[in-house]
Amino acid sequence: MKHRIVVLGAGYAGAYAAGTLARRLSPADTDITVVNAEPDFVQRMRLHQLAAGQAIEAPQLADVFAGTGIRLRLARVTAVDPERRVVAVADADGGGELGYDTLLYTLGSHVADRGVPGVAEHAFDVTGRPSALRLRERLDSLGRRGEGGSVLVVGEGLTGIETATEIAESRPGLSVTLIARDELGARLSAGARGHLRRACDRLGITVLEHTRVEAVEATRVLCADGTVLASDATVWTAGFAVSPIAAAGGLEVTENGRIVVDRTMRSVSHPNVYAAGDSAYVIGDNGLPLPMSCASAGYTGRQATDAIVGRLTGREIPNTKLEYVANHISLGRRDGIFQMVDDEAQAKPKYVGGRKAARIKAGILGISLWAVSHPTFGMPKRKHRLAAAAEATAANRVAA
């Protein structure tokens with residue numbers, strides 16, 4: 001019987017890991033299934049561009065995995081049962097259960113409302129393709145009115161900065177306000193903060209610092225200091241949360257639901273389960289938890305893949321670097337910030353800004369998409385056999 005590997009989620013971590021597993025493990029011994037709710041690969045790092053009205057590539061996963069032997073199941077994961085080693089899914093046909101021997105959990109994250117009333121009902125976000133398209137349609141409708149409109153972006157993190165600058169550049173007829181709970185760009189160096197402020201000024205973005213949003217309504221936002229801000233579209237970027245599925249299934253998780261894993265991305269409570277990307281809580285090489293980011297998805301996905309291959313084939317498991325070295329921030333299509341950080345995740349004094357930084361960010365996005373879209377590149381002629389299968393083959397040869 002083949003060893004069943006099930007990968008939950010086909011984002012940056014899951015799609016790359018699934019392709020790598022198919023490239024390295026023999027199909028004679030393994031059966032790989034990827035479960036994903038959407039039929040296409042979503043470039044989450046570019047969803048703010050999609051929302052602003054730009055076209056971004058969305059390769060069909062069926063095409064991405066063609067020729068790899070990977071089975072694609074278009075379904076929504078509803079539960080995991082690590083004791084029974086099954087995953088429950090829902091699809092157009094009603095769904096069912098998938099059994100596994102090894103599970104790789106990469107379901108990612110979604111927007112966190114932080115308990116603020118009205119966010120779920122009235123705010124837009126850019127954490128998924130459907131939600132980004134919904135925001136795009138709203139911005140289109142404001143443009144069709146011919147009277148402009150006001151867009152409030154809540155959250156001073158990287159997603160908030162990229163979303164505000166992209167909308168302001170792509171849709172100059174709209175009035176864009178960025179609401180920061182603390183200082184804008186507080187995690188950047190002094191020089192990079194200055195660059196960011198100049199970019200906001202150039203794009204006509206109003207920045208409100210030290211402002212806490214207490215409620216979101218259909219046409220306005222209520223702030224803690226009593227300020228009421230009119231809004232035709234409120235975009236919520238104030239944090240991310242993970243699905244409660246892992247916690248509900250009995251896996252050991254953090255308070256916010258991320259799966260606690262060891263250095264090899266293996267669940268500390270269930271050894272047949274691995275996690276990567278935003279779903280995984282792992283301590284990096286600097287002794288600090290890796291943040292939710294595309295970079296972390298790459299490192300953790302690679303480590304999980306190496307660990308699964310190593311344990312199944314009896315090979316040594318290499319340690320992938322688990323580090324966070326820089327923040328890459330786009331400020332529209334022609335400007336950006338590349339901010340290096342130290343071992344304590346604090347900004348280094350120097351940074352790269354302008355078109356050069358924008359090209360660096362574009363290069364990173366291009367490489368990430370290419371790596372996911374070409375899982376068969378460098379496909380070896382001979383793939384690794386599982387340890388038990390290799391031993392059985394050797395025994396049969398001796399007997400013969």
# chains A, B, ... in the order shown; residues from 1 in each chain; ligands from 1

call {"tool": "closest_atom_pairs", "arguments": {"of": "range 111-208 of chain A", "to": "range 39-62 of chain A", "cutoff": "10 Å", "atoms": "only C-alpha atoms", "output": "JSON lines"}}
result
{"residue": "A:Phe124", "atom": "CA", "partner": "A:Ala51", "partner_atom": "CA", "distance": 10.0}
{"residue": "A:Asp125", "atom": "CA", "partner": "A:His48", "partner_atom": "CA", "distance": 8.9}
{"residue": "A:Val126", "atom": "CA", "partner": "A:Leu47", "partner_atom": "CA", "distance": 5.8}
{"residue": "A:Thr127", "atom": "CA", "partner": "A:Arg44", "partner_atom": "CA", "distance": 6.7}
{"residue": "A:Gly128", "atom": "CA", "partner": "A:Arg44", "partner_atom": "CA", "distance": 6.8}
{"residue": "A:Arg129", "atom": "CA", "partner": "A:Val42", "partner_atom": "CA", "distance": 6.7}
{"residue": "A:Pro130", "atom": "CA", "partner": "A:Ala51", "partner_atom": "CA", "distance": 9.8}
{"residue": "A:Ser131", "atom": "CA", "partner": "A:Ala51", "partner_atom": "CA", "distance": 8.5}
{"residue": "A:Ala132", "atom": "CA", "partner": "A:Ala51", "partner_atom": "CA", "distance": 4.8}
{"residue": "A:Leu133", "atom": "CA", "partner": "A:Ala51", "partner_atom": "CA", "distance": 5.8}
{"residue": "A:Arg134", "atom": "CA", "partner": "A:Ala51", "partner_atom": "CA", "distance": 7.8}
{"residue": "A:Leu135", "atom": "CA", "partner": "A:Ala51", "partner_atom": "CA", "distance": 5.7}
{"residue": "A:Arg136", "atom": "CA", "partner": "A:Ala51", "partner_atom": "CA", "distance": 4.4}
{"residue": "A:Glu137", "atom": "CA", "partner": "A:Ala51", "partner_atom": "CA", "distance": 8.1}
{"residue": "A:Arg138", "atom": "CA", "partner": "A:Ala51", "partner_atom": "CA", "distance": 9.2}
{"residue": "A:Leu139", "atom": "CA", "partner": "A:Ala52", "partner_atom": "CA", "distance": 7.6}
{"residue": "A:Asp140", "atom": "CA", "partner": "A:Gly53", "partner_atom": "CA", "distance": 8.0}
{"residue": "A:Thr159", "atom": "CA", "partner": "A:His48", "partner_atom": "CA", "distance": 7.9}
{"residue": "A:Gly160", "atom": "CA", "partner": "A:His48", "partner_atom": "CA", "distance": 9.1}
{"residue": "A:Ile161", "atom": "CA", "partner": "A:His48", "partner_atom": "CA", "distance": 9.9}
{"residue": "A:Glu162", "atom": "CA", "partner": "A:His48", "partner_atom": "CA", "distance": 6.9}
{"residue": "A:Thr163", "atom": "CA", "partner": "A:His48", "partner_atom": "CA", "distance": 5.1}
{"residue": "A:Ala164", "atom": "CA", "partner": "A:His48", "partner_atom": "CA", "distance": 8.6}
{"residue": "A:Thr165", "atom": "CA", "partner": "A:His48", "partner_atom": "CA", "distance": 9.4}
{"residue": "A:Glu166", "atom": "CA", "partner": "A:Ala52", "partner_atom": "CA", "distance": 6.3}
{"residue": "A:Ile167", "atom": "CA", "partner": "A:Ala52", "partner_atom": "CA", "distance": 5.0}
{"residue": "A:Ala168", "atom": "CA", "partner": "A:Ala52", "partner_atom": "CA", "distance": 8.5}
{"residue": "A:Glu169", "atom": "CA", "partner": "A:Ala52", "partner_atom": "CA", "distance": 8.7}
{"residue": "A:Ser170", "atom": "CA", "partner": "A:Ala52", "partner_atom": "CA", "distance": 6.2}
{"residue": "A:Arg171", "atom": "CA", "partner": "A:Ala52", "partner_atom": "CA", "distance": 7.3}

call {"tool": "residues_around", "arguments": {"residues": "range 287-300 of chain A", "least_positions_apart": "4", "cutoff": "7 Å", "atoms": "only C-alpha atoms", "output": "PyMOL selection string"}}
result
chain A and resi 12-13+265+276-278+281-283+304+320-322

call {"tool": "residues_around", "arguments": {"residues": "Ala120 in chain A", "least_positions_apart": "4", "cutoff": "12 Å", "atoms": "only C-alpha atoms", "output": "PDB file with N, CA and C atoms, in the first residue's frame"}}
result
ATOM      1  N   HIS A 110      -6.161  34.416   7.585  1.00  0.00           N
ATOM      2  CA  HIS A 110      -7.167  35.322   7.046  1.00  0.00           C
ATOM      3  C   HIS A 110      -7.171  36.585   7.904  1.00  0.00           C
ATOM      4  N   VAL A 111      -7.983  37.534   7.522  1.00  0.00           N
ATOM      5  CA  VAL A 111      -7.996  38.799   8.247  1.00  0.00           C
ATOM      6  C   VAL A 111      -8.533  38.600   9.664  1.00  0.00           C
ATOM      7  N   ALA A 112      -7.958  39.336  10.618  1.00  0.00           N
ATOM      8  CA  ALA A 112      -8.397  39.284  12.015  1.00  0.00           C
ATOM      9  C   ALA A 112      -9.142  40.569  12.347  1.00  0.00           C
ATOM     10  N   ASP A 113     -10.366  40.458  12.855  1.00  0.00           N
ATOM     11  CA  ASP A 113     -11.144  41.663  13.137  1.00  0.00           C
ATOM     12  C   ASP A 113     -10.790  42.290  14.475  1.00  0.00           C
ATOM     13  N   ARG A 114      -9.986  41.598  15.280  1.00  0.00           N
ATOM     14  CA  ARG A 114      -9.543  42.117  16.579  1.00  0.00           C
ATOM     15  C   ARG A 114     -10.719  42.441  17.506  1.00  0.00           C
ATOM     16  N   GLY A 115     -11.851  41.828  17.252  1.00  0.00           N
ATOM     17  CA  GLY A 115     -13.013  42.072  18.092  1.00  0.00           C
ATOM     18  C   GLY A 115     -13.678  43.414  17.869  1.00  0.00           C
ATOM     19  N   VAL A 116     -13.298  44.108  16.805  1.00  0.00           N
ATOM     20  CA  VAL A 116     -13.876  45.420  16.517  1.00  0.00           C
ATOM     21  C   VAL A 116     -15.242  45.242  15.853  1.00  0.00           C
ATOM     22  N   PHE A 124     -13.678  45.679   3.979  1.00  0.00           N
ATOM     23  CA  PHE A 124     -13.066  44.885   2.923  1.00  0.00           C
ATOM     24  C   PHE A 124     -11.689  44.441   3.395  1.00  0.00           C
ATOM     25  N   ASP A 125     -11.119  43.433   2.717  1.00  0.00           N
ATOM     26  CA  ASP A 125      -9.750  43.019   3.027  1.00  0.00           C
ATOM     27  C   ASP A 125      -9.085  42.463   1.780  1.00  0.00           C
ATOM     28  N   SER A 131     -12.115  38.217  -1.672  1.00  0.00           N
ATOM     29  CA  SER A 131     -12.275  39.473  -0.944  1.00  0.00           C
ATOM     30  C   SER A 131     -11.590  40.626  -1.667  1.00  0.00           C
ATOM     31  N   ALA A 215     -15.032  51.039  15.907  1.00  0.00           N
ATOM     32  CA  ALA A 215     -16.159  50.406  15.211  1.00  0.00           C
ATOM     33  C   ALA A 215     -16.138  50.800  13.738  1.00  0.00           C
ATOM     34  N   VAL A 216     -16.622  49.872  12.919  1.00  0.00           N
ATOM     35  CA  VAL A 216     -16.737  50.122  11.485  1.00  0.00           C
ATOM     36  C   VAL A 216     -18.207  50.026  11.111  1.00  0.00           C
ATOM     37  N   GLU A 217     -18.703  51.068  10.451  1.00  0.00           N
ATOM     38  CA  GLU A 217     -20.081  51.072   9.976  1.00  0.00           C
ATOM     39  C   GLU A 217     -20.082  51.117   8.455  1.00  0.00           C
ATOM     40  N   ALA A 218     -21.244  51.076   7.850  1.00  0.00           N
ATOM     41  CA  ALA A 218     -21.340  50.978   6.397  1.00  0.00           C
ATOM     42  C   ALA A 218     -20.720  52.177   5.690  1.00  0.00           C
ATOM     43  N   THR A 234     -14.002  50.863   3.501  1.00  0.00           N
ATOM     44  CA  THR A 234     -13.042  50.688   4.591  1.00  0.00           C
ATOM     45  C   THR A 234     -12.311  49.364   4.388  1.00  0.00           C
ATOM     46  N   VAL A 235     -10.987  49.431   4.309  1.00  0.00           N
ATOM     47  CA  VAL A 235     -10.166  48.241   4.087  1.00  0.00           C
ATOM     48  C   VAL A 235      -9.462  47.909   5.395  1.00  0.00           C
ATOM     49  N   TRP A 236      -9.699  46.711   5.913  1.00  0.00           N
ATOM     50  CA  TRP A 236      -9.153  46.308   7.213  1.00  0.00           C
ATOM     51  C   TRP A 236      -7.900  45.471   7.000  1.00  0.00           C
TER      52      TRP A 236
END

call {"tool": "closest_residue", "arguments": {"among": "A:Glu147, A:Asp101, A:Glu38, A:Glu156", "to": "Thr237 in chain A", "atoms": "only C-alpha atoms"}}
result
A:Glu156

call {"tool": "residues_around", "arguments": {"residues": "range 198-203 of chain A", "least_positions_apart": "3", "cutoff": "12 Å", "atoms": "only C-alpha atoms", "output": "MDAnalysis selection string"}}
result
chainID A and resid 161:178 184:185 191:195 206:208 329:337 353:354

call {"tool": "select_by_dssp", "arguments": {"residues": "range 41-248 of chain A", "states": "strand (DSSP E or B)", "output": "PyMOL selection string"}}
result
chain A and resi 60+71-74+76-81+86-90+96-99+102-105+109-111+124+150-154+175-179+206-208+213-216+220-223+228-230+233-236+240-242

call {"tool": "closest_residue", "arguments": {"among": "A:Ile259, A:Leu365, A:Ala75, A:Ile308", "to": "Val87 in chain A", "atoms": "only C-alpha atoms"}}
result
A:Ala75

call {"tool": "select_by_dssp", "arguments": {"residues": "range 183-229 of chain A", "states": "helix (DSSP H, G or I)", "output": "PyMOL selection string"}}
result
chain A and resi 190-203

call {"tool": "write_last_selection", "arguments": {"atoms": "C-alpha atoms", "output": "mmCIF file, in the first residue's frame"}}
result
data_model
loop_
_atom_site.group_PDB
_atom_site.id
_atom_site.type_symbol
_atom_site.label_atom_id
_atom_site.label_comp_id
_atom_site.auth_asym_id
_atom_site.auth_seq_id
_atom_site.Cartn_x
_atom_site.Cartn_y
_atom_site.Cartn_z
ATOM 1 C CA ALA A 190 14.607 56.573 10.388
ATOM 2 C CA GLY A 191 15.606 56.967 6.746
ATOM 3 C CA ALA A 192 13.006 54.459 5.547
ATOM 4 C CA ARG A 193 10.305 56.157 7.633
ATOM 5 C CA GLY A 194 11.138 59.426 5.949
ATOM 6 C CA HIS A 195 10.971 57.757 2.537
ATOM 7 C CA LEU A 196 7.575 56.286 3.398
ATOM 8 C CA ARG A 197 6.185 59.640 4.494
ATOM 9 C CA ARG A 198 7.400 61.301 1.325
ATOM 10 C CA ALA A 199 5.737 58.565 -0.727
ATOM 11 C CA CYS A 200 2.435 59.105 1.082
ATOM 12 C CA ASP A 201 2.692 62.851 0.492
ATOM 13 C CA ARG A 202 3.495 62.323 -3.186
ATOM 14 C CA LEU A 203 0.472 60.043 -3.609
#

call {"tool": "closest_atom_pairs", "arguments": {"of": "range 2-39 of chain A", "to": "range 367-375 of chain A", "cutoff": "10 Å", "atoms": "only C-alpha atoms", "output": "tab-separated table"}}
result
residue	atom	partner	partner_atom	distance
A:Ala10	CA	A:Val372	CA	9.5
A:Gly11	CA	A:Val372	CA	8.9
A:Tyr12	CA	A:Val372	CA	7.0
A:Ala13	CA	A:Val372	CA	9.0
A:Gly14	CA	A:Val372	CA	9.2
A:Ala15	CA	A:Val372	CA	6.1
A:Tyr16	CA	A:Val372	CA	5.0
A:Ala17	CA	A:Val372	CA	8.8
A:Ala18	CA	A:Pro375	CA	8.3
A:Gly19	CA	A:Pro375	CA	4.6
A:Thr20	CA	A:Pro375	CA	6.4
A:Leu21	CA	A:Pro375	CA	9.3
A:Ala22	CA	A:Pro375	CA	8.1
A:Arg23	CA	A:Pro375	CA	7.1

call {"tool": "residues_around", "arguments": {"residues": "range 309-313 of chain A", "least_positions_apart": "4", "cutoff": "8 Å", "atoms": "only C-alpha atoms", "output": "PyMOL selection string"}}
result
chain A and resi 21+24-25+305+317+384-388

call {"tool": "write_last_selection", "arguments": {"atoms": "N, CA and C atoms", "output": "PDB file, in the first residue's frame"}}
result
ATOM      1  N   LEU A  21       7.758  17.525  -3.021  1.00  0.00           N
ATOM      2  CA  LEU A  21       7.577  16.144  -2.582  1.00  0.00           C
ATOM      3  C   LEU A  21       7.380  15.227  -3.791  1.00  0.00           C
ATOM      4  N   ARG A  24      10.683  14.572  -5.508  1.00  0.00           N
ATOM      5  CA  ARG A  24      11.723  13.833  -4.799  1.00  0.00           C
ATOM      6  C   ARG A  24      11.325  12.424  -4.382  1.00  0.00           C
ATOM      7  N   LEU A  25      10.036  12.134  -4.276  1.00  0.00           N
ATOM      8  CA  LEU A  25       9.596  10.825  -3.800  1.00  0.00           C
ATOM      9  C   LEU A  25       9.056   9.983  -4.948  1.00  0.00           C
ATOM     10  N   THR A 305       9.362  19.895   3.928  1.00  0.00           N
ATOM     11  CA  THR A 305       9.597  18.964   2.823  1.00  0.00           C
ATOM     12  C   THR A 305      10.832  18.111   3.085  1.00  0.00           C
ATOM     13  N   ILE A 317      18.153  14.543   7.755  1.00  0.00           N
ATOM     14  CA  ILE A 317      17.303  15.718   7.562  1.00  0.00           C
ATOM     15  C   ILE A 317      18.155  16.976   7.704  1.00  0.00           C
ATOM     16  N   HIS A 384      13.526   9.098  -4.874  1.00  0.00           N
ATOM     17  CA  HIS A 384      13.813   8.352  -3.651  1.00  0.00           C
ATOM     18  C   HIS A 384      12.684   7.368  -3.330  1.00  0.00           C
ATOM     19  N   ARG A 385      13.056   6.133  -3.050  1.00  0.00           N
ATOM     20  CA  ARG A 385      12.102   5.145  -2.570  1.00  0.00           C
ATOM     21  C   ARG A 385      11.957   5.271  -1.067  1.00  0.00           C
ATOM     22  N   LEU A 386      10.798   4.917  -0.547  1.00  0.00           N
ATOM     23  CA  LEU A 386      10.617   4.916   0.893  1.00  0.00           C
ATOM     24  C   LEU A 386      11.485   3.834   1.513  1.00  0.00           C
ATOM     25  N   ALA A 387      11.909   4.050   2.733  1.00  0.00           N
ATOM     26  CA  ALA A 387      12.850   3.145   3.389  1.00  0.00           C
ATOM     27  C   ALA A 387      12.309   1.728   3.450  1.00  0.00           C
ATOM     28  N   ALA A 388      11.057   1.559   3.841  1.00  0.00           N
ATOM     29  CA  ALA A 388      10.482   0.222   3.950  1.00  0.00           C
ATOM     30  C   ALA A 388      10.400  -0.444   2.590  1.00  0.00           C
TER      31      ALA A 388
END

call {"tool": "atom_distance", "arguments": {"atom1": "CA of Ala246 in chain A", "atom2": "CA of Leu103 in chain A"}}
result
11.8 Å

call {"tool": "closest_residue", "arguments": {"among": "A:Phe240, A:Ile245, A:Gly118, A:Gly9", "to": "Ala88 in chain A", "atoms": "only C-alpha atoms"}}
result
A:Ile245

call {"tool": "residues_around", "arguments": {"residues": "Gly95 in chain A", "least_positions_apart": "3", "cutoff": "12 Å", "atoms": "only C-alpha atoms", "output": "VMD selection string"}}
result
chain A and resid 35 37 73 to 79 87 to 92 98

call {"tool": "write_last_selection", "arguments": {"atoms": "C-alpha atoms", "output": "compact mmCIF listing (two decimals), in the first residue's frame"}}
result
# COMPACT_ATOMS: atom_id res chain seq x y z
CA VAL A 35 -6.71 19.98 -1.00
CA ALA A 37 -10.74 25.55 -1.96
CA ARG A 73 -9.04 17.96 -4.62
CA LEU A 74 -10.99 21.21 -4.94
CA ALA A 75 -12.71 21.35 -1.59
CA ARG A 76 -12.87 23.29 1.66
CA VAL A 77 -11.26 21.70 4.71
CA THR A 78 -13.80 21.51 7.52
CA ALA A 79 -12.00 19.39 10.13
CA VAL A 87 -9.43 15.12 7.03
CA ALA A 88 -13.05 16.16 6.47
CA VAL A 89 -13.75 18.26 3.37
CA ALA A 90 -16.77 19.91 1.77
CA ASP A 91 -17.26 20.40 -1.97
CA ALA A 92 -19.99 20.66 -4.58
CA LEU A 98 -9.59 11.75 3.19

call {"tool": "closest_residue", "arguments": {"among": "A:Pro349, A:Gly143, A:Gly94, A:Gly108", "to": "Gly301 in chain A", "atoms": "only C-alpha atoms"}}
result
A:Gly108
